[in-house]
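Participant: Dumping the structure here so I can ask a few things about it.
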There are 2 protein chains.
Amino acid sequence: MQARIELMSRVTLQTIADRVGVSRMTVSNAFSRPDQLSPELRQRILSAADDLGYVGPDPAARALARGRTGAVGILLTDSLRDAFTDEVATTFLGAIADELEPSGLALTLLASGRGDIVPARDVPMDGAFVYSCDTRSPGVEWLRRRKLPLVYVDHAPVDDAPSVNIDDRSGARAAAEHLVELGHRRVGIITASFAGPHGLVTNPVSTGDGHVTTQRMLGWLDGLDADGIRPVVMQLPTDDEHLAYDAARSLLDTVEPPTALLCFSDLLATGALRAADQLGLNVPGDVSIVGFDDSTLAARTRPPLTTVRQDVAAKGRIATSMLTALIEQTRAGATTQAEHVVLPTTLVVRDSTARPRAVE
Amino acid sequence: MQARIELMSRVTLQTIADRVGVSRMTVSNAFSRPDQLSPELRQRILSAADDLGYVGPDPAARALARGRTGAVGILLTDSLRDAFTDEVATTFLGAIADELEPSGLALTLLASGRGDIVPARDVPMDGAFVYSCDTRSPGVEWLRRRKLPLVYVDHAPVDDAPSVNIDDRSGARAAAEHLVELGHRRVGIITASFAGPHGLVTNPVSTGDGHVTTQRMLGWLDGLDADGIRPVVMQLPTDDEHLAYDAARSLLDTVEPPTALLCFSDLLATGALRAADQLGLNVPGDVSIVGFDDSTLAARTRPPLTTVRQDVAAKGRIATSMLTALIEQTRAGATTQAEHVVLPTTLVVRDSTARPRAVE
DNA sequence: AGCAGGTACTGTAGCGGTACAGAAGAACCT
DNA sequence: AGGTTCTTCTGTACCGCTACAGTACCTGCT
């Protein structure tokens with residue numbers, strides 16, 4: 001117990017220790033390991049701390065000493081604003097936040113960080129989610145280099161780290177097959193890809209695409225190829241309703257328009273619905289439209305959308321338990337084979353798809 | 001330069017210093033203050049660091065030494081999941097995230113934290129937003145005790161801390177006056193309050209309510225009182241469309257139903273619209289309905305909603321610049337009078353309000 | 001009496017950085 | 001030559017806390 005000079009300075013464990021006449025360590029224990037000292041002494045310490053206006057061990061100092069911060073990060077490719085506009089993303093975030101709550105971990109949103117401060121590199125955290133990011137994004141690279149426990153979501157699986165995906169390919173395939181079964185032969189696709197070329201695309205599977213984009217495209221092609229159908233593909237730079245509207249207009253306003261449209265998301269599908277409406281085309285009479293995700297939007301459009309359902313909340317829950325487990329494991333020094341979960345998708349048929357007029 | 005034993009242990013500044021043959025401080029400078037050493041040496045150090053797989057100064061250690069973490073928190077009363085379901089909240093979060101990006105600060109969502117880990121107390125951060133929280137919530141208390149720079153949003157202003165609010169009261173009043181001017185005399189109110197009693201309420205202004213709830217109620221009453229109108233008030237525990245549906249049904253399905261409904265949010269208003277529809281009542285022919293917020297929902301309902309517009313994005317931007325300024329100030333030791341911003345609200349008249357039949 | 005086993009508290013040695021005040025030499029000026 | 005100023009690097013002293021290995025004393029058992 002060395003009585004340090006007690007200036008007006010900050011109240012620390014030492015301040016309290018000096019006041020009560022015990023060692024700093026005992027004060028620390030009073031806060032962090034109550035079983036290490038007698039209840040009476042602990043009470044004395046706690047009330048002295050209260051007198052001095054001490055709130056509790058400084059989180060930053062504690063983080064350094066303990067080696068953990070109490071927060072996990074989530075890296076999102078898009079600007080964070082976009083993440084908050086997209087219903088699928090917000091649902092996912094909500095599920096994570098919810099699932100994280102009992103563990104007491106906070107969720108830190110990692111901006112891409114222009115300039116010299118890069119959150120993925122500079123923010124203290126115990127682990128992170130990589131959500132729907134480009135594998136080559138600098139943020140991902142930083143997180144990996146930091147050797148943080150990572151869980152990839154909607155992202156091409158990386159060997160050594162656990163991942164959660166949905167079965168995008170099968171879902172897309174089911175959607176395509178559904179159209180084929182109805183008798184459609186001229187099919188348009190409206191998809192979104194931050195990488196690839198935009199506009200009308202001839203070779204729809206490009207290498208630079210995000211995992212989800214690629215998988216869905218492969219699935220659609222799987223379903224169409226069987227019948228030799230070559231779709232017309234419009235690729236948008238983002239998942240935006242207005243862009244989809246324009247794209248759908250230009251696809252539908254031709255001499256021999258597609259009788260059905262496969263869309264990357266329900267949001268794009270609503271744009272397509274609006275375009276059809278604008279052109280005086282009946283859905284599903286003149287053109288069938290299929291979405292993806294089965295967001296709340298899908299059931300509310302007119303007509304309600306045929307779409308591919310994914311369980312976004314489950315994705316969030318599973319990712320979270322994987323991450324907390326991984327953090328635990330890493331701390332314990334254990335090494336387990338990384339798990340790669342793929343959640344099922346199911347086709348939900350509503351009223352936006354029907355047989356094309358020609359075959360009726 | 002003391003050559004510490006170099007085990008398989010972690011790579012730190014010292015490891016690199018030993019390797020290159022300079023002091024640890026110089027290595028630190030190579031990363032954090034490039035102007036303090038010659039470009040050549042810096043390059044040597046950086047490449048040595050790269051060889052050793054060093055990512056950069058450990059964020060937790062740096063946070064302790066520098067006294068800042070690079071993240072700000074946001075405390076939300078509701079479960080975080082709710083925050084992600086509500087469009088107003090997500091828009092607000094998006095605006096904050098966006099505005100925060102250039103500063104390189106990350107945004108940490110503070111869960112209320114059951115159990116012994118309380119993020120508001122235990123997570124390292126440089127400041128925080130208190131968004132639409134109960135003044136007496138334990139989270140707020142912890143943040144205040146930590147003496148963190150705080151900005152209150154949609155929260156009763158606290159003297160010493162800056163705050164951002166919208167003019168809820170005037171907005172609500174304008175909505176009420178609009179109905180009065182149209183000739184409505186029997187008015188119902190559907191509001192949400194996590195505190196007060198729920199169901200039919202006789203004394204609509206209770207003390208335990210949130211600031212926003214109280215202000216809107218006062219505004220509505222301001223507008224109705226002038227003409228001696230005593231509204232029927234239904235108070236819901238949360239901002240939920242289904243609850244609003246039920247509430248609206250029970251209000252409208254009576255002998256002498258209100259000819260107009262004032263709703264706490266556009267979301268509640270959509271519930272009310274659905275209820276009217278279900279009861280075979282025409283909006284606005286049989287009943288007028290007014291929302292609040294002017295979210296994207298409002299323009300999309302049938303009929304489009306008359307509502308009170310608030311600029312949520314501006315709220316987020318202003319709150320963010322206030323917080324960053326406050327953090328800067330606090331660091332500089334300056335003390336300024338806390339600013340209390342109130343943003344305007346405006347009535348947006350669309351097609352969900354009209355004169356009541358009786359007076360036509 | 002002698003010793004194992006608790007319980008309650010303490011001291012030391014970090015955790016991995018950064019701030020700040022030098023120190024040593026080169027460059028510039030009069 | 002002597003003084004000033006810059007540039008470039010170094011040493012020390014923390015930041016505030018915790019892990020861990022004691023120490024001291026008390027209890028109970030043989």
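Identifiers in this document derive from the order of the structure tokens: chains are assigned A, B, ..., residues are numbered from 1 separately in each chain, and ligands are numbered from 1 in order of occurrence.
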What are the nearest atom pairs, with distances in Å to one decimal, for all residues of chain B that come at most 6 Å from chain D, using only C-alpha atoms (C1' of nucleotides), set out by chain and rising residue number as JSON lines?

Facilitator:
```
{"residue": "B:Leu37", "atom": "CA", "partner": "D:DT8", "partner_atom": "C1'", "distance": 5.7}
{"residue": "B:Leu64", "atom": "CA", "partner": "D:DC15", "partner_atom": "C1'", "distance": 5.4}
{"residue": "B:Ala65", "atom": "CA", "partner": "D:DC15", "partner_atom": "C1'", "distance": 4.8}
```

Participant: Output the coordinates of chain A after least-squares fitting to chain B on all in-order C-alpha pairs, as a CSV table (one decimal) with C-alpha atoms, in the first residue's frame.

Facilitator:
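Result file follows (part-v7.csv):
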```
chain,number,residue,atom,x,y,z
A,1,MET,CA,17.1,-1.0,-26.4
A,2,GLN,CA,16.8,-3.9,-24.1
A,3,ALA,CA,16.6,-7.2,-26.0
A,4,ARG,CA,13.8,-9.0,-24.3
A,5,ILE,CA,13.6,-12.7,-24.6
A,6,GLU,CA,11.9,-13.4,-27.9
A,7,LEU,CA,9.7,-16.5,-27.4
A,8,MET,CA,7.0,-17.6,-29.7
A,9,SER,CA,5.0,-14.9,-28.0
A,10,ARG,CA,3.1,-12.1,-29.6
A,11,VAL,CA,4.7,-9.6,-31.9
A,12,THR,CA,4.8,-6.2,-30.2
A,13,LEU,CA,6.5,-3.0,-30.8
A,14,GLN,CA,9.4,-4.3,-28.8
A,15,THR,CA,9.8,-7.3,-31.1
A,16,ILE,CA,10.2,-5.1,-34.0
A,17,ALA,CA,12.4,-2.7,-32.2
A,18,ASP,CA,14.8,-5.5,-31.3
A,19,ARG,CA,14.8,-6.7,-34.8
A,20,VAL,CA,15.6,-3.4,-36.4
A,21,GLY,CA,17.8,-2.3,-33.7
A,22,VAL,CA,16.0,0.9,-32.7
A,23,SER,CA,14.0,1.9,-29.6
A,24,ARG,CA,10.5,0.8,-29.1
A,25,MET,CA,9.5,4.4,-29.2
A,26,THR,CA,10.8,4.9,-32.7
A,27,VAL,CA,8.8,1.9,-33.9
A,28,SER,CA,5.7,3.4,-32.3
A,29,ASN,CA,6.4,6.7,-34.1
A,30,ALA,CA,6.8,4.8,-37.4
A,31,PHE,CA,3.2,3.8,-37.1
A,32,SER,CA,1.6,6.7,-35.3
A,33,ARG,CA,3.7,9.8,-36.0
A,34,PRO,CA,5.5,9.4,-39.3
A,35,ASP,CA,6.9,12.9,-39.1
A,36,GLN,CA,9.0,12.0,-36.1
A,37,LEU,CA,11.6,9.9,-38.0
A,38,SER,CA,13.3,9.7,-41.3
A,39,PRO,CA,11.4,8.1,-44.2
A,40,GLU,CA,14.1,5.6,-44.7
A,41,LEU,CA,14.1,4.3,-41.2
A,42,ARG,CA,10.4,4.3,-41.2
A,43,GLN,CA,10.4,2.1,-44.3
A,44,ARG,CA,12.8,-0.3,-42.7
A,45,ILE,CA,10.7,-0.5,-39.7
A,46,LEU,CA,7.5,-1.0,-41.6
A,47,SER,CA,8.9,-3.8,-43.7
A,48,ALA,CA,10.3,-5.5,-40.7
A,49,ALA,CA,6.9,-5.3,-39.1
A,50,ASP,CA,5.4,-6.8,-42.2
A,51,ASP,CA,7.9,-9.6,-42.1
A,52,LEU,CA,6.9,-10.4,-38.5
A,53,GLY,CA,3.2,-10.3,-39.3
A,54,TYR,CA,2.6,-7.3,-37.2
A,55,VAL,CA,-0.6,-5.6,-38.0
A,56,GLY,CA,-0.3,-2.3,-36.2
A,57,PRO,CA,-0.4,-1.1,-32.7
A,58,ASP,CA,-2.8,-3.1,-30.6
A,59,PRO,CA,-6.1,-1.1,-30.4
A,60,ALA,CA,-6.8,-2.0,-26.8
A,61,ALA,CA,-3.3,-0.9,-25.6
A,62,ARG,CA,-3.5,2.2,-27.7
A,63,ALA,CA,-6.9,3.0,-26.3
A,64,LEU,CA,-5.5,2.9,-22.8
A,65,ALA,CA,-2.4,4.9,-23.5
A,66,ARG,CA,-4.1,7.5,-25.6
A,67,GLY,CA,-7.3,7.8,-23.7
A,68,ARG,CA,-9.6,7.2,-26.6
A,69,THR,CA,-11.0,4.2,-28.4
A,70,GLY,CA,-12.2,5.2,-31.8
A,71,ALA,CA,-15.8,4.2,-31.2
A,72,VAL,CA,-18.9,5.9,-29.9
A,73,GLY,CA,-21.9,4.1,-28.5
A,74,ILE,CA,-25.6,4.4,-29.0
A,75,LEU,CA,-28.0,3.5,-26.2
A,76,LEU,CA,-31.4,2.5,-27.3
A,77,THR,CA,-34.1,1.8,-24.8
A,78,ASP,CA,-35.9,-0.9,-26.6
A,79,SER,CA,-34.4,-4.2,-27.3
A,80,LEU,CA,-32.0,-3.7,-30.2
A,81,ARG,CA,-34.2,-5.9,-32.3
A,82,ASP,CA,-37.0,-3.4,-32.1
A,83,ALA,CA,-34.6,-0.6,-33.1
A,84,PHE,CA,-33.9,-2.5,-36.3
A,85,THR,CA,-37.6,-3.0,-37.1
A,86,ASP,CA,-38.6,0.5,-36.8
A,87,GLU,CA,-38.0,2.6,-40.0
A,88,VAL,CA,-37.6,5.8,-38.1
A,89,ALA,CA,-34.9,4.3,-35.9
A,90,THR,CA,-33.0,2.6,-38.8
A,91,THR,CA,-33.0,5.8,-40.8
A,92,PHE,CA,-31.6,7.6,-37.8
A,93,LEU,CA,-28.9,5.0,-37.3
A,94,GLY,CA,-28.1,5.1,-41.0
A,95,ALA,CA,-27.7,8.9,-40.8
A,96,ILE,CA,-25.4,8.6,-37.8
A,97,ALA,CA,-23.3,5.9,-39.4
A,98,ASP,CA,-23.0,7.9,-42.5
A,99,GLU,CA,-22.0,11.0,-40.8
A,100,LEU,CA,-19.5,9.2,-38.5
A,101,GLU,CA,-17.7,7.6,-41.4
A,102,PRO,CA,-15.3,10.4,-42.3
A,103,SER,CA,-14.2,10.7,-38.7
A,104,GLY,CA,-13.3,7.1,-38.6
A,105,LEU,CA,-15.3,6.4,-35.5
A,106,ALA,CA,-17.2,3.2,-35.3
A,107,LEU,CA,-20.7,3.0,-33.9
A,108,THR,CA,-21.3,0.5,-31.0
A,109,LEU,CA,-24.8,-0.6,-30.3
A,110,LEU,CA,-25.3,-0.8,-26.6
A,111,ALA,CA,-27.6,-3.6,-25.5
A,112,SER,CA,-29.3,-3.1,-22.2
A,113,GLY,CA,-27.4,-6.1,-21.0
A,114,ARG,CA,-29.0,-8.5,-18.7
A,115,GLY,CA,-26.8,-10.3,-16.2
A,116,ASP,CA,-23.5,-8.8,-14.9
A,117,ILE,CA,-22.2,-7.4,-18.1
A,118,VAL,CA,-23.6,-4.0,-18.8
A,119,PRO,CA,-22.3,-2.6,-22.1
A,120,ALA,CA,-23.1,1.0,-21.0
A,121,ARG,CA,-20.8,0.5,-18.1
A,122,ASP,CA,-18.2,-1.9,-19.6
A,123,VAL,CA,-17.6,-1.2,-23.2
A,124,PRO,CA,-14.8,1.2,-24.1
A,125,MET,CA,-16.0,4.3,-26.0
A,126,ASP,CA,-15.3,7.9,-26.4
A,127,GLY,CA,-18.9,9.2,-26.2
A,128,ALA,CA,-22.4,8.1,-26.8
A,129,PHE,CA,-25.8,8.9,-28.1
A,130,VAL,CA,-28.8,8.4,-25.9
A,131,TYR,CA,-31.6,7.7,-28.2
A,132,SER,CA,-35.2,7.9,-27.2
A,133,CYS,CA,-34.5,6.5,-23.8
A,134,ASP,CA,-36.3,6.7,-20.5
A,135,THR,CA,-34.4,9.2,-18.4
A,136,ARG,CA,-34.3,6.7,-15.5
A,137,SER,CA,-33.1,3.8,-17.5
A,138,PRO,CA,-30.0,2.2,-15.9
A,139,GLY,CA,-28.0,2.5,-19.1
A,140,VAL,CA,-28.4,6.3,-19.1
A,141,GLU,CA,-27.3,6.4,-15.5
A,142,TRP,CA,-24.1,4.4,-16.2
A,143,LEU,CA,-23.2,6.6,-19.1
A,144,ARG,CA,-23.7,9.7,-17.1
A,145,ARG,CA,-21.7,8.3,-14.2
A,146,ARG,CA,-18.9,7.5,-16.5
A,147,LYS,CA,-18.9,11.2,-17.4
A,148,LEU,CA,-18.8,10.3,-21.1
A,149,PRO,CA,-19.6,13.0,-23.6
A,150,LEU,CA,-23.3,12.4,-24.3
A,151,VAL,CA,-25.8,13.7,-26.8
A,152,TYR,CA,-29.5,13.1,-26.1
A,153,VAL,CA,-31.8,12.5,-28.9
A,154,ASP,CA,-35.6,12.4,-28.7
A,155,HIS,CA,-35.2,12.7,-25.0
A,156,ALA,CA,-36.1,15.3,-22.5
A,157,PRO,CA,-33.2,17.8,-22.5
A,158,VAL,CA,-30.8,17.4,-19.7
A,159,ASP,CA,-29.2,20.7,-18.7
A,160,ASP,CA,-25.5,20.0,-19.0
A,161,ALA,CA,-25.6,17.9,-22.1
A,162,PRO,CA,-26.5,18.8,-25.7
A,163,SER,CA,-29.7,17.4,-27.1
A,164,VAL,CA,-31.5,17.2,-30.4
A,165,ASN,CA,-35.3,16.9,-30.6
A,166,ILE,CA,-37.9,17.6,-33.1
A,167,ASP,CA,-40.8,19.9,-32.4
A,168,ASP,CA,-43.2,17.1,-31.5
A,169,ARG,CA,-45.6,19.3,-29.8
A,170,SER,CA,-46.1,21.8,-32.6
A,171,GLY,CA,-46.4,19.0,-35.1
A,172,ALA,CA,-49.0,17.2,-33.1
A,173,ARG,CA,-50.8,20.4,-32.6
A,174,ALA,CA,-50.9,21.1,-36.3
A,175,ALA,CA,-52.3,17.7,-36.9
A,176,ALA,CA,-55.0,18.2,-34.4
A,177,GLU,CA,-55.8,21.7,-35.6
A,178,HIS,CA,-56.1,20.3,-39.1
A,179,LEU,CA,-58.8,17.9,-38.0
A,180,VAL,CA,-60.6,20.6,-36.1
A,181,GLU,CA,-60.6,22.9,-39.1
A,182,LEU,CA,-62.1,20.1,-41.2
A,183,GLY,CA,-64.9,20.0,-38.7
A,184,HIS,CA,-64.2,17.0,-36.6
A,185,ARG,CA,-65.5,17.0,-33.1
A,186,ARG,CA,-65.2,13.4,-32.1
A,187,VAL,CA,-61.5,12.5,-32.2
A,188,GLY,CA,-59.7,9.4,-31.1
A,189,ILE,CA,-56.0,9.1,-30.3
A,190,ILE,CA,-53.8,6.0,-30.6
A,191,THR,CA,-50.5,6.5,-28.9
A,192,ALA,CA,-47.7,4.4,-27.6
A,193,SER,CA,-46.0,4.7,-24.2
A,194,PHE,CA,-43.8,2.1,-22.6
A,195,ALA,CA,-44.6,3.5,-19.2
A,196,GLY,CA,-48.1,4.7,-18.5
A,197,PRO,CA,-51.3,2.6,-18.2
A,198,HIS,CA,-52.3,0.8,-21.4
A,199,GLY,CA,-55.7,0.6,-23.0
A,200,LEU,CA,-58.3,3.3,-22.7
A,201,VAL,CA,-56.8,6.2,-20.8
A,202,THR,CA,-58.7,9.0,-19.1
A,203,ASN,CA,-55.8,11.2,-18.0
A,204,PRO,CA,-53.7,11.2,-21.1
A,205,VAL,CA,-50.6,13.0,-19.8
A,206,SER,CA,-48.9,10.8,-17.3
A,207,THR,CA,-45.6,11.6,-15.8
A,208,GLY,CA,-43.8,8.4,-16.4
A,209,ASP,CA,-44.0,8.7,-20.2
A,210,GLY,CA,-41.2,9.2,-22.6
A,211,HIS,CA,-40.5,12.7,-23.7
A,212,VAL,CA,-41.7,12.2,-27.3
A,213,THR,CA,-44.9,10.5,-26.1
A,214,THR,CA,-45.6,13.3,-23.7
A,215,GLN,CA,-44.9,16.1,-26.1
A,216,ARG,CA,-47.0,14.7,-28.9
A,217,MET,CA,-49.9,14.2,-26.5
A,218,LEU,CA,-49.6,17.7,-25.3
A,219,GLY,CA,-49.6,19.0,-28.8
A,220,TRP,CA,-52.7,17.0,-29.8
A,221,LEU,CA,-54.4,18.3,-26.7
A,222,ASP,CA,-53.3,21.9,-27.5
A,223,GLY,CA,-55.0,21.6,-30.8
A,224,LEU,CA,-58.2,20.0,-29.5
A,225,ASP,CA,-58.6,21.9,-26.3
A,226,ALA,CA,-59.1,25.2,-28.1
A,227,ASP,CA,-62.4,23.8,-29.3
A,228,GLY,CA,-63.2,22.0,-26.2
A,229,ILE,CA,-62.8,18.6,-27.8
A,230,ARG,CA,-62.0,15.8,-25.4
A,231,PRO,CA,-60.4,12.9,-27.3
A,232,VAL,CA,-60.8,9.3,-26.6
A,233,VAL,CA,-57.2,8.0,-25.9
A,234,MET,CA,-55.9,4.5,-26.4
A,235,GLN,CA,-52.4,3.9,-25.2
A,236,LEU,CA,-50.4,1.0,-26.5
A,237,PRO,CA,-47.3,-0.5,-24.9
A,238,THR,CA,-45.3,-0.4,-28.1
A,239,ASP,CA,-45.3,1.0,-31.5
A,240,ASP,CA,-46.9,-2.0,-33.1
A,241,GLU,CA,-49.1,-2.2,-36.2
A,242,HIS,CA,-51.2,-5.1,-34.9
A,243,LEU,CA,-51.9,-3.5,-31.6
A,244,ALA,CA,-53.0,-0.4,-33.4
A,245,TYR,CA,-55.3,-2.4,-35.5
A,246,ASP,CA,-57.0,-3.8,-32.5
A,247,ALA,CA,-57.1,-0.5,-30.8
A,248,ALA,CA,-58.6,1.2,-33.9
A,249,ARG,CA,-61.2,-1.5,-34.2
A,250,SER,CA,-62.4,-1.1,-30.7
A,251,LEU,CA,-62.5,2.7,-31.1
A,252,LEU,CA,-64.3,2.6,-34.3
A,253,ASP,CA,-66.7,-0.2,-33.6
A,254,THR,CA,-68.9,1.7,-31.2
A,255,VAL,CA,-72.2,3.5,-31.3
A,256,GLU,CA,-70.8,6.9,-31.7
A,257,PRO,CA,-67.3,6.3,-33.1
A,258,PRO,CA,-64.7,9.1,-33.6
A,259,THR,CA,-64.7,10.6,-37.0
A,260,ALA,CA,-60.9,11.0,-36.9
A,261,LEU,CA,-57.9,9.3,-35.4
A,262,LEU,CA,-54.6,10.8,-34.5
A,263,CYS,CA,-51.8,8.3,-34.4
A,264,PHE,CA,-48.4,8.3,-32.7
A,265,SER,CA,-46.7,7.0,-35.8
A,266,ASP,CA,-47.3,6.2,-39.4
A,267,LEU,CA,-46.9,2.5,-38.4
A,268,LEU,CA,-49.8,2.8,-36.0
A,269,ALA,CA,-51.8,4.7,-38.6
A,270,THR,CA,-51.4,1.8,-41.1
A,271,GLY,CA,-52.9,-0.5,-38.4
A,272,ALA,CA,-55.8,2.0,-38.1
A,273,LEU,CA,-56.3,2.1,-41.8
A,274,ARG,CA,-56.5,-1.7,-41.9
A,275,ALA,CA,-59.0,-1.7,-39.1
A,276,ALA,CA,-61.2,0.9,-40.9
A,277,ASP,CA,-61.0,-1.2,-44.0
A,278,GLN,CA,-61.9,-4.3,-42.1
A,279,LEU,CA,-65.0,-2.6,-40.6
A,280,GLY,CA,-66.1,-1.4,-44.1
A,281,LEU,CA,-65.4,2.2,-43.3
A,282,ASN,CA,-64.1,4.5,-45.9
A,283,VAL,CA,-61.0,6.6,-45.3
A,284,PRO,CA,-61.3,9.5,-45.3
A,285,GLY,CA,-65.1,9.4,-46.0
A,286,ASP,CA,-66.1,7.7,-42.8
A,287,VAL,CA,-63.0,8.3,-40.7
A,288,SER,CA,-59.9,10.5,-41.1
A,289,ILE,CA,-56.6,9.1,-40.0
A,290,VAL,CA,-53.4,11.1,-39.3
A,291,GLY,CA,-50.0,9.5,-38.8
A,292,PHE,CA,-46.7,10.9,-37.5
A,293,ASP,CA,-43.1,10.9,-38.9
A,294,ASP,CA,-43.7,10.9,-42.6
A,295,SER,CA,-41.8,7.7,-43.1
A,296,THR,CA,-41.7,6.0,-46.5
A,297,LEU,CA,-44.8,4.1,-45.4
A,298,ALA,CA,-46.9,7.2,-45.3
A,299,ALA,CA,-46.9,7.9,-49.0
A,300,ARG,CA,-47.5,4.2,-49.9
A,301,THR,CA,-50.6,3.4,-48.0
A,302,ARG,CA,-54.1,3.6,-49.5
A,303,PRO,CA,-55.0,6.3,-49.2
A,304,PRO,CA,-51.7,8.0,-48.7
A,305,LEU,CA,-51.5,9.3,-45.2
A,306,THR,CA,-51.8,12.8,-43.9
A,307,THR,CA,-49.0,12.9,-41.4
A,308,VAL,CA,-46.4,15.1,-39.6
A,309,ARG,CA,-43.0,15.2,-41.2
A,310,GLN,CA,-39.8,15.1,-39.3
A,311,ASP,CA,-36.4,15.1,-40.8
A,312,VAL,CA,-34.9,12.0,-39.2
A,313,ALA,CA,-31.7,12.1,-41.3
A,314,ALA,CA,-31.0,15.7,-40.3
A,315,LYS,CA,-31.6,14.7,-36.7
A,316,GLY,CA,-28.9,12.0,-37.1
A,317,ARG,CA,-26.5,14.3,-38.8
A,318,ILE,CA,-26.8,17.1,-36.2
A,319,ALA,CA,-26.6,14.7,-33.3
A,320,THR,CA,-23.4,13.3,-34.8
A,321,SER,CA,-21.7,16.6,-35.3
A,322,MET,CA,-22.7,17.6,-31.8
A,323,LEU,CA,-21.2,14.5,-30.4
A,324,THR,CA,-17.9,14.7,-32.3
A,325,ALA,CA,-17.6,18.3,-31.3
A,326,LEU,CA,-18.3,17.5,-27.7
A,327,ILE,CA,-15.7,14.8,-27.6
A,328,GLU,CA,-13.2,17.1,-29.1
A,329,GLN,CA,-14.1,19.8,-26.6
A,330,THR,CA,-14.0,17.5,-23.6
A,331,ARG,CA,-10.6,16.3,-24.7
A,332,ALA,CA,-9.4,19.9,-25.0
A,333,GLY,CA,-10.8,20.6,-21.5
A,334,ALA,CA,-13.1,23.3,-22.8
A,335,THR,CA,-16.5,23.8,-21.4
A,336,THR,CA,-19.3,25.3,-23.5
A,337,GLN,CA,-22.9,25.8,-22.8
A,338,ALA,CA,-24.7,22.8,-24.0
A,339,GLU,CA,-26.9,23.4,-27.0
A,340,HIS,CA,-30.4,22.2,-27.3
A,341,VAL,CA,-31.6,21.9,-30.9
A,342,VAL,CA,-35.2,21.5,-31.8
A,343,LEU,CA,-35.9,20.7,-35.4
A,344,PRO,CA,-39.1,21.8,-37.1
A,345,THR,CA,-42.0,19.5,-38.0
A,346,THR,CA,-44.5,20.2,-40.7
A,347,LEU,CA,-48.0,18.8,-41.4
A,348,VAL,CA,-48.2,16.9,-44.7
A,349,VAL,CA,-51.7,16.7,-45.9
A,350,ARG,CA,-52.5,13.7,-48.2
A,351,ASP,CA,-55.6,11.8,-48.7
A,352,SER,CA,-56.4,10.2,-45.4
A,353,THR,CA,-58.2,13.2,-44.0
A,354,ALA,CA,-61.3,15.0,-45.1
A,355,ARG,CA,-64.4,16.7,-43.6
A,356,PRO,CA,-66.5,14.4,-41.6
A,357,ARG,CA,-69.8,13.3,-43.2
A,358,ALA,CA,-72.0,15.0,-40.6
A,359,VAL,CA,-70.9,18.5,-41.5
A,360,GLU,CA,-70.9,17.9,-45.3
```

Participant: Check which residues of chain C sit at most 7 Å from chain B using only C-alpha atoms (C1' of nucleotides), and return one row each with the closest pair of atoms and their distance in Å to one decimal, ordered by chain and rising number, as a tab-separated table.

Facilitator:
```
residue	atom	partner	partner_atom	distance
C:DG16	C1'	B:Ala61	CA	5.0
C:DG17	C1'	B:Ala61	CA	5.0
C:DT18	C1'	B:Ala65	CA	5.4
```

Participant: The selected residues should be written to file as an mmCIF file, in the first residue's frame (atoms: C-alpha atoms (C1' of nucleotides)).

Facilitator:
```cif
data_model
loop_
_atom_site.group_PDB
_atom_site.id
_atom_site.type_symbol
_atom_site.label_atom_id
_atom_site.label_comp_id
_atom_site.auth_asym_id
_atom_site.auth_seq_id
_atom_site.Cartn_x
_atom_site.Cartn_y
_atom_site.Cartn_z
ATOM 1 C "C1'" DG C 16 1.121 -3.008 -25.347
ATOM 2 C "C1'" DG C 17 1.169 1.224 -26.123
ATOM 3 C "C1'" DT C 18 2.004 6.730 -26.068
#
```

Participant: Mind the document's chain letters and residue numbers, and return as a VMD selection string the residues of range 84-153 of chain B that DSSP labels helix (DSSP H, G or I).

Facilitator: chain B and resid 84 to 85 87 to 103 119 to 122 138 to 145

Participant: Can you check which residues of range 15-186 of chain A DSSP gives as strand (DSSP E) on the backbone and send them as a PyMOL selection string?

Facilitator: chain A and resi 71-76+106-110+128-131+150-153+163-166
